[in-house]
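File shown: structure_32.txt (compact mmCIF, C-alpha atoms).
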# COMPACT_ATOMS: atom_id res chain seq x y z
CA MET P 46 125.80 50.24 -54.24
CA THR P 47 128.45 49.95 -56.93
CA TYR P 48 130.75 47.40 -58.51
CA CYS P 49 133.84 48.37 -60.49
CA LEU P 50 136.86 46.31 -61.46
CA ALA P 51 140.05 46.67 -63.43
CA ILE P 52 142.32 43.95 -64.81
CA ASP P 53 146.01 44.25 -65.71
CA VAL P 54 147.37 41.65 -68.15
CA LYS P 55 150.47 41.61 -70.32
CA ASP P 56 148.72 43.12 -73.35
CA GLY P 57 146.86 45.89 -71.57
CA LEU P 58 144.12 46.89 -69.18
CA VAL P 59 140.39 46.21 -68.87
CA PHE P 60 137.96 48.40 -66.93
CA CYS P 61 134.36 47.52 -66.11
CA SER P 62 131.70 49.30 -64.05
CA ASP P 63 127.99 49.26 -63.41
CA SER P 64 125.94 52.46 -63.56
CA ARG P 65 123.41 52.17 -60.74
CA THR P 66 123.31 54.66 -57.87
CA ASN P 67 121.14 54.11 -54.83
CA ALA P 68 120.15 56.65 -52.20
CA GLY P 69 117.30 54.51 -50.90
CA VAL P 70 114.76 52.12 -52.34
CA ASP P 71 112.79 55.00 -53.89
CA GLN P 72 115.82 56.86 -55.30
CA VAL P 73 117.54 54.55 -57.77
CA SER P 74 119.14 56.16 -60.80
CA THR P 75 122.04 55.68 -63.18
CA TYR P 76 125.36 57.49 -63.26
CA SER P 77 128.53 56.64 -65.17
CA LYS P 78 131.37 55.49 -62.92
CA THR P 79 133.99 55.32 -65.67
CA HIS P 80 135.87 58.58 -66.29
CA GLU P 81 138.60 59.24 -68.85
CA PHE P 82 141.45 61.77 -68.89
CA SER P 83 144.21 62.07 -71.45
CA VAL P 84 146.90 64.16 -73.07
CA PRO P 85 146.94 62.89 -76.67
CA GLY P 86 150.05 60.90 -77.48
CA GLU P 87 151.52 61.44 -74.01
CA ARG P 88 149.33 59.89 -71.32
CA VAL P 89 145.94 58.29 -70.77
CA PHE P 90 144.02 57.56 -67.58
CA VAL P 91 140.79 55.79 -66.67
CA LEU P 92 139.25 56.42 -63.25
CA LEU P 93 136.53 54.19 -61.75
CA SER P 94 134.60 55.46 -58.72
CA ALA P 95 132.56 53.92 -55.90
CA GLY P 96 131.08 55.78 -52.96
CA ASN P 97 129.60 59.17 -52.22
CA LEU P 98 128.45 60.80 -55.45
CA GLY P 99 129.03 64.35 -54.20
CA THR P 100 132.63 63.62 -53.26
CA THR P 101 133.17 61.83 -56.57
CA GLN P 102 131.86 64.75 -58.63
CA ALA P 103 133.92 67.28 -56.67
CA VAL P 104 137.10 65.24 -57.25
CA LEU P 105 136.34 64.93 -60.97
CA VAL P 106 135.75 68.68 -61.26
CA GLN P 107 139.06 69.41 -59.54
CA ILE P 108 140.98 66.94 -61.72
CA ARG P 109 139.67 68.60 -64.87
CA LYS P 110 140.28 72.09 -63.51
CA ASP P 111 143.88 71.30 -62.57
CA MET P 112 144.53 69.92 -66.05
CA GLU P 113 142.92 72.88 -67.79
CA ASP P 114 144.66 75.47 -65.60
CA GLY P 115 148.09 73.88 -65.94
CA ALA P 116 148.38 73.34 -62.18
CA GLU P 117 151.77 72.35 -60.81
CA THR P 118 150.36 68.94 -59.89
CA SER P 119 147.74 67.38 -62.15
CA LEU P 120 147.18 64.30 -64.26
CA ALA P 121 148.84 66.24 -67.07
CA SER P 122 152.06 66.72 -65.10
CA VAL P 123 152.59 63.81 -62.68
CA PRO P 124 155.68 61.78 -63.66
CA ASP P 125 154.23 58.30 -63.05
CA LEU P 126 151.15 56.35 -62.02
CA PRO P 127 151.99 56.15 -58.29
CA GLU P 128 152.20 59.95 -58.19
CA ALA P 129 148.88 60.12 -60.03
CA ALA P 130 147.29 57.81 -57.44
CA ALA P 131 148.70 59.88 -54.59
CA TYR P 132 147.39 63.08 -56.19
CA ILE P 133 143.85 61.71 -56.52
CA GLY P 134 144.01 60.35 -52.98
CA GLN P 135 144.82 63.82 -51.66
CA LEU P 136 142.01 65.41 -53.67
CA SER P 137 139.59 62.85 -52.28
CA LEU P 138 140.71 63.45 -48.69
CA ALA P 139 140.38 67.20 -49.09
CA GLU P 140 136.81 66.91 -50.40
CA GLN P 141 135.81 64.47 -47.67
CA ARG P 142 137.06 66.88 -45.00
CA LYS P 143 134.92 69.67 -46.46
CA TYR P 144 131.79 67.53 -46.25
CA LEU P 145 132.60 66.32 -42.75
CA ALA P 146 133.12 69.90 -41.59
CA ASN P 147 129.67 70.88 -42.89
CA ASP P 148 127.68 67.69 -42.31
CA GLY P 149 129.68 65.69 -39.82
CA GLN P 150 126.78 65.50 -37.41
CA GLN P 151 124.25 64.36 -40.00
CA ALA P 152 123.09 60.84 -39.21
CA GLY P 153 124.05 58.28 -41.81
CA PHE P 154 126.12 60.70 -43.89
CA ASP P 155 129.28 59.17 -45.35
CA PRO P 156 131.46 61.23 -47.73
CA GLN P 157 133.92 58.42 -48.45
CA VAL P 158 134.77 57.32 -51.96
CA SER P 159 137.15 54.73 -53.42
CA PHE P 160 138.77 54.90 -56.83
CA ILE P 161 140.57 52.62 -59.26
CA LEU P 162 143.03 54.51 -61.44
CA GLY P 163 144.60 52.91 -64.48
CA GLY P 164 146.42 53.95 -67.58
CA GLN P 165 149.86 54.73 -68.92
CA ILE P 166 152.34 57.58 -69.29
CA ALA P 167 154.64 57.50 -72.32
CA GLY P 168 157.85 55.64 -71.55
CA LYS P 169 156.40 54.04 -68.37
CA LYS P 170 154.58 50.78 -67.76
CA ALA P 171 150.80 50.67 -67.75
CA GLY P 172 149.14 49.73 -64.49
CA ILE P 173 146.17 49.99 -62.16
CA PHE P 174 145.91 51.33 -58.60
CA LEU P 175 143.18 51.12 -55.96
CA ILE P 176 142.90 54.39 -54.01
CA TYR P 177 141.30 54.05 -50.58
CA PRO P 178 139.10 56.72 -48.93
CA GLN P 179 142.02 57.44 -46.59
CA GLY P 180 144.15 58.52 -49.55
CA ASN P 181 146.58 55.59 -49.59
CA TYR P 182 146.73 53.15 -52.48
CA ILE P 183 147.77 49.69 -53.62
CA THR P 184 148.51 48.12 -56.99
CA THR P 185 148.40 44.61 -58.42
CA SER P 186 150.90 41.81 -57.78
CA LYS P 187 152.25 38.92 -59.86
CA THR P 188 149.56 36.63 -58.46
CA THR P 189 146.63 39.08 -58.25
CA ARG P 190 146.13 40.87 -61.57
CA PHE P 191 142.86 42.65 -60.77
CA LEU P 192 141.42 45.26 -58.40
CA GLN P 193 137.82 45.76 -57.26
CA ILE P 194 135.81 48.43 -55.46
CA GLY P 195 132.25 48.43 -54.21
CA GLU P 196 130.29 45.18 -54.00
CA SER P 197 133.23 42.93 -54.83
CA LYS P 198 132.53 39.56 -53.21
CA TYR P 199 130.12 38.08 -55.76
CA GLY P 200 132.32 38.77 -58.77
CA LYS P 201 135.66 37.77 -57.26
CA PRO P 202 135.61 33.94 -57.65
CA ILE P 203 135.63 34.01 -61.46
CA LEU P 204 138.49 36.52 -61.46
CA ASP P 205 140.50 34.37 -59.04
CA ARG P 206 140.11 31.33 -61.28
CA ILE P 207 140.61 32.87 -64.71
CA ILE P 208 142.79 35.98 -64.64
CA GLN P 209 146.54 35.50 -65.06
CA ALA P 210 149.27 37.72 -66.47
CA ASP P 211 149.09 36.01 -69.88
CA THR P 212 145.29 36.12 -70.17
CA SER P 213 144.37 37.81 -73.44
CA LEU P 214 142.64 41.19 -73.41
CA ALA P 215 139.57 39.65 -75.04
CA ASP P 216 139.35 36.91 -72.40
CA ALA P 217 139.96 39.43 -69.61
CA ALA P 218 137.09 41.53 -70.95
CA ARG P 219 134.77 38.50 -71.10
CA CYS P 220 135.79 37.57 -67.56
CA ALA P 221 135.05 41.11 -66.39
CA LEU P 222 131.54 40.90 -67.86
CA VAL P 223 130.89 37.54 -66.20
CA SER P 224 132.13 38.98 -62.91
CA MET P 225 129.79 41.94 -63.33
CA ASP P 226 126.84 39.74 -64.28
CA SER P 227 127.42 37.50 -61.25
CA THR P 228 127.34 40.58 -59.04
CA MET P 229 124.18 41.97 -60.61
CA ARG P 230 122.54 38.54 -60.23
CA SER P 231 123.22 38.49 -56.48
CA ASN P 232 122.82 42.18 -55.57
CA VAL P 233 120.02 44.30 -57.03
CA THR P 234 121.78 47.53 -56.01
CA VAL P 235 124.34 46.83 -58.76
CA GLY P 236 122.85 47.25 -62.20
CA PRO P 237 123.21 48.19 -65.86
CA PRO P 238 124.13 49.88 -68.07
CA VAL P 239 127.49 48.11 -67.85
CA GLU P 240 130.47 50.09 -69.16
CA LEU P 241 133.52 48.31 -70.56
CA GLN P 242 136.77 49.98 -71.53
CA ILE P 243 139.91 48.33 -72.98
CA TYR P 244 143.39 49.83 -73.20
CA GLU P 245 146.18 48.24 -75.28
CA ASN P 246 149.63 48.76 -73.81
CA ASP P 247 151.75 51.51 -75.39
CA SER P 248 148.90 52.72 -77.60
CA LEU P 249 148.32 55.85 -75.48
CA CYS P 250 144.81 55.79 -76.90
CA LEU P 251 141.56 54.43 -75.54
CA LYS P 252 139.20 52.39 -77.67
CA PRO P 253 135.59 53.63 -77.77
CA ARG P 254 133.85 52.71 -74.54
CA VAL P 255 131.28 49.91 -74.77
CA VAL P 256 127.96 50.48 -72.98
CA LEU P 257 125.72 47.46 -72.50
CA GLY P 258 122.13 47.99 -71.41
CA GLU P 259 120.16 45.37 -69.51
CA ASP P 260 118.67 43.98 -72.73
CA HIS P 261 121.81 44.16 -74.86
CA PRO P 262 121.99 40.86 -76.79
CA TYR P 263 125.66 40.22 -75.94
CA LEU P 264 125.14 40.77 -72.22
CA ARG P 265 122.10 38.49 -72.36
CA GLU P 266 124.12 35.86 -74.25
CA ILE P 267 126.94 36.04 -71.68
CA ARG P 268 124.42 35.58 -68.86
CA GLN P 269 122.62 32.64 -70.47
CA SER P 270 125.85 30.90 -71.50
CA TRP P 271 127.41 31.28 -68.05
CA ASP P 272 124.29 29.95 -66.31
CA ALA P 273 124.07 26.95 -68.64
CA ASN P 274 127.75 26.07 -68.35
CA ILE P 275 127.77 26.40 -64.57
CA ARG P 276 124.89 23.93 -64.35
CA GLU P 277 126.61 21.55 -66.77
CA ALA P 278 129.88 21.75 -64.83
CA PHE P 279 128.00 20.95 -61.63
CA LYS P 280 126.36 17.91 -63.23
CA ASN P 281 129.79 16.65 -64.34
CA MET P 282 131.38 16.90 -60.90
CA PRO P 283 132.35 13.61 -59.17
CA PRO P 284 129.35 12.04 -57.41
CA LEU P 285 129.18 12.15 -53.65
CA TRP P 286 131.14 9.30 -52.07
CA PRO P 287 128.94 7.08 -49.82
CA SER P 288 131.99 6.60 -47.58
CA LEU P 289 131.78 10.26 -46.61
CA PHE P 290 128.79 9.36 -44.46
CA LYS P 291 130.03 6.92 -41.84
CA SER P 292 127.50 4.51 -40.36
CA GLY P 293 126.77 4.23 -36.70
CA GLY P 294 125.41 7.70 -36.02
CA ALA P 295 122.37 8.19 -33.82
CA CYS P 296 119.01 8.57 -35.56

Full structure transcribed into structure tokens:
Amino acid sequence: MTYCLAIDVKDGLVFCSDSRTNAGVDQVSTYSKTHEFSVPGERVFVLLSAGNLGTTQAVLVQIRKDMEDGAETSLASVPDLPEAAAYIGQLSLAEQRKYLANDGQQAGFDPQVSFILGGQIAGKKAGIFLIYPQGNYITTSKTTRFLQIGESKYGKPILDRIIQADTSLADAARCALVSMDSTMRSNVTVGPPVELQIYENDSLCLKPRVVLGEDHPYLREIRQSWDANIREAFKNMPPLWPSLFKSGGAC
């Protein structure tokens, strides 16, 4: 399984992904799910992936080939982020159809993949888009400033409570790591190394990607601090009201 998320706040974007791939209990390995594409000084993109690894790799190869060959439509030529999302959605659909044509009868085979695309083109606003296996896409709203793919349910509550448009990039990055740690705690198919990428609006340049292994001291500190503070918050909650339990019930 996989967990990837992206956050869009007023100062920029945050991307976070795990690196575990799972083709069965005896075939667990690691593979980066954060991919970067850029034209220096003009545009920058980050692509997060969740789903079939073969489809993902084929899409990545085609993206790079189109950019290198100067194709009419590529991440180097699209005029805006929605067009970039549509382009990747079409590449994904085309690759899925190839696999289905060859292996459509294979039991349990699923070529689907989801992506989160984020970044900025010079003169346009930065943003993030979730691209579904069917090729269509959505973006964030004023009230929901993040997108998730993969095993999203365990890491969503912290994002719902913390992330707002004016959340700082540093706090958004910390929140992303807590969201990732919560997911890894509850689902063993999501695992480190954790990759974290931050983009500052209008910089058209990505900071060096941070890679945190399972024993990285900061990841361990985040985990221990979150656990301790959750327990303390629970202890400080209002005590249970006796009146909630009405007398007179049968015993």

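Note that the spacing between atom CA of Gln242 of chain P and atom CA of Thr228 of chain P amounts to 18.3 Å.
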
Separating atom CA of Arg190 of chain P from atom CA of Ala51 of chain P, to the nearest tenth of an Å, is a gap of 8.6 Å

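Of the residues under consideration (P:Lys187, P:Lys280, P:Arg230, P:Lys201), P:Lys187 shows the shortest atom-to-atom contact distance to Val54 of chain P when counting only C-alpha atoms.
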
For Asn181 of chain P, which of P:Val235, P:Val89, P:Leu222, P:Leu136 is the closest residue, counting only C-alpha atoms?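 Nearest candidate to Asn181 of chain P out of P:Val235, P:Val89, P:Leu222, P:Leu136: P:Leu136.
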
In Å, with one decimal, what is the gap from atom CA of Asp53 of chain P to atom CA of Thr188 of chain P? 11.1 Å

Find the spatial neighbours of Cys49 of chain P, counting only C-alpha atoms, within a cut-off of 12 Å - ignore same-chain residues fewer than 4 positions away - and output them as a PDB file with C-alpha atoms, in the coordinates of the input.
ATOM      1  CA  VAL P  59     140.390  46.210 -68.870  1.00  0.00           C
ATOM      2  CA  PHE P  60     137.960  48.400 -66.930  1.00  0.00           C
ATOM      3  CA  CYS P  61     134.360  47.520 -66.110  1.00  0.00           C
ATOM      4  CA  SER P  62     131.700  49.300 -64.050  1.00  0.00           C
ATOM      5  CA  ASP P  63     127.990  49.260 -63.410  1.00  0.00           C
ATOM      6  CA  SER P  64     125.940  52.460 -63.560  1.00  0.00           C
ATOM      7  CA  ARG P  65     123.410  52.170 -60.740  1.00  0.00           C
ATOM      8  CA  SER P  77     128.530  56.640 -65.170  1.00  0.00           C
ATOM      9  CA  LYS P  78     131.370  55.490 -62.920  1.00  0.00           C
ATOM     10  CA  THR P  79     133.990  55.320 -65.670  1.00  0.00           C
ATOM     11  CA  HIS P  80     135.870  58.580 -66.290  1.00  0.00           C
ATOM     12  CA  VAL P  91     140.790  55.790 -66.670  1.00  0.00           C
ATOM     13  CA  LEU P  92     139.250  56.420 -63.250  1.00  0.00           C
ATOM     14  CA  LEU P  93     136.530  54.190 -61.750  1.00  0.00           C
ATOM     15  CA  SER P  94     134.600  55.460 -58.720  1.00  0.00           C
ATOM     16  CA  ALA P  95     132.560  53.920 -55.900  1.00  0.00           C
ATOM     17  CA  GLY P  96     131.080  55.780 -52.960  1.00  0.00           C
ATOM     18  CA  SER P 159     137.150  54.730 -53.420  1.00  0.00           C
ATOM     19  CA  PHE P 160     138.770  54.900 -56.830  1.00  0.00           C
ATOM     20  CA  ILE P 161     140.570  52.620 -59.260  1.00  0.00           C
ATOM     21  CA  LEU P 162     143.030  54.510 -61.440  1.00  0.00           C
ATOM     22  CA  LEU P 175     143.180  51.120 -55.960  1.00  0.00           C
ATOM     23  CA  PHE P 191     142.860  42.650 -60.770  1.00  0.00           C
ATOM     24  CA  LEU P 192     141.420  45.260 -58.400  1.00  0.00           C
ATOM     25  CA  GLN P 193     137.820  45.760 -57.260  1.00  0.00           C
ATOM     26  CA  ILE P 194     135.810  48.430 -55.460  1.00  0.00           C
ATOM     27  CA  GLY P 195     132.250  48.430 -54.210  1.00  0.00           C
ATOM     28  CA  GLU P 196     130.290  45.180 -54.000  1.00  0.00           C
ATOM     29  CA  SER P 197     133.230  42.930 -54.830  1.00  0.00           C
ATOM     30  CA  LYS P 198     132.530  39.560 -53.210  1.00  0.00           C
ATOM     31  CA  TYR P 199     130.120  38.080 -55.760  1.00  0.00           C
ATOM     32  CA  GLY P 200     132.320  38.770 -58.770  1.00  0.00           C
ATOM     33  CA  LYS P 201     135.660  37.770 -57.260  1.00  0.00           C
ATOM     34  CA  ALA P 221     135.050  41.110 -66.390  1.00  0.00           C
ATOM     35  CA  LEU P 222     131.540  40.900 -67.860  1.00  0.00           C
ATOM     36  CA  SER P 224     132.130  38.980 -62.910  1.00  0.00           C
ATOM     37  CA  MET P 225     129.790  41.940 -63.330  1.00  0.00           C
ATOM     38  CA  ASP P 226     126.840  39.740 -64.280  1.00  0.00           C
ATOM     39  CA  THR P 228     127.340  40.580 -59.040  1.00  0.00           C
ATOM     40  CA  MET P 229     124.180  41.970 -60.610  1.00  0.00           C
ATOM     41  CA  VAL P 235     124.340  46.830 -58.760  1.00  0.00           C
ATOM     42  CA  GLY P 236     122.850  47.250 -62.200  1.00  0.00           C
ATOM     43  CA  PRO P 237     123.210  48.190 -65.860  1.00  0.00           C
ATOM     44  CA  VAL P 239     127.490  48.110 -67.850  1.00  0.00           C
ATOM     45  CA  GLU P 240     130.470  50.090 -69.160  1.00  0.00           C
ATOM     46  CA  LEU P 241     133.520  48.310 -70.560  1.00  0.00           C
ATOM     47  CA  GLN P 242     136.770  49.980 -71.530  1.00  0.00           C
TER      48      GLN P 242
END

Identify, on the basis of only C-alpha atoms, every residue whose closest approach to Ala131 of chain P does not exceed 7 Å; exclude the query and any residue fewer than 4 positions from it along the same chain; express the result as a list in words.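 The residues that qualify are Pro127, Gln135, Gly180 and Asn181 of chain P.
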
With a distance cut-off of 10 Å and only C-alpha atoms, select the neighbouring residues of Asn97 of chain P, excluding the residue or stretch itself and same-chain residues fewer than 6 positions from it, and output the selection as a ChimeraX atom specification. /P:46,66,68,141,154-159

Which residue out of P:Leu204, P:Ala171, P:Ser231, P:Asn281 has the minimum interatomic distance to Leu126 of chain P when all atoms listed in the file are used?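 Looking only at the distances to Leu126 of chain P, the closest residue turns out to be P:Ala171.
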